[in-house]
Amino acid sequence: MVGRRAPDRPPDAGQVVPLVAIAVVVMAGAVLVVTAVGGVLADRTAARTAADAAALAAAIESDRAAADLAHLNGAELLSIRRMGDQVEVEVRVGRATARARAETVRTPVAPGPGEGRGVGAYRPGTSIP
């Protein structure tokens, strides 16, 4: 009895299966899009953080310190440009890139033991009173 319907089944029986299949495909696609967008946003945030940290390290310490700090933040250091007292760095995390600038500032520090009174230049590893 191929092609004949059982007498106790209504004519629209089984119509929900294609609708459920379409809904599952649409929801799976939405999950993939949200996951991809979330990954891109996370990379952008990480790149900004790494760029800020690397720029500060380059301004205060050295280019090597900037590269190390970028790496510790999960980024690849792309460039360091020095412009007078300013430094600009560019980093990449995944597909996201970010730039940050910092300025070298000479900060007065308290004299160390055996040093006279007065204002000295910033020394890495020291604290400002």
# chains A, B, ... in the order shown; residues from 1 in each chain; ligands from 1
>>> residues_around(residues="Asp43 of chain A", least_positions_apart="6", cutoff="7 Å", atoms="only C-alpha atoms", output="count of residues only")
3
>>> residues_around(residues="segment 74-86 of chain A", least_positions_apart="3", cutoff="10 Å", atoms="only C-alpha atoms", output="NGL selection string")
:A and (43 or 46-51 or 54-55 or 58-59 or 63 or 66-71 or 89-94 or 96-105)
>>> select_by_dssp(residues="segment 8-111 of chain A", states="strand (DSSP E or B)", output="JSON, numbers by chain")
{"A": [76, 77, 78, 79, 80, 81, 82, 83, 86, 87, 88, 89, 90, 91, 92, 93, 96, 97, 98, 99, 100, 101, 102, 103]}
>>> atom_distance(atom1="atom CA of Val20 of chain A", atom2="atom CA of Gly39 of chain A")
28.6 Å
>>> atom_distance(atom1="atom CA of Val87 of chain A", atom2="atom CA of Ile60 of chain A")
9.9 Å
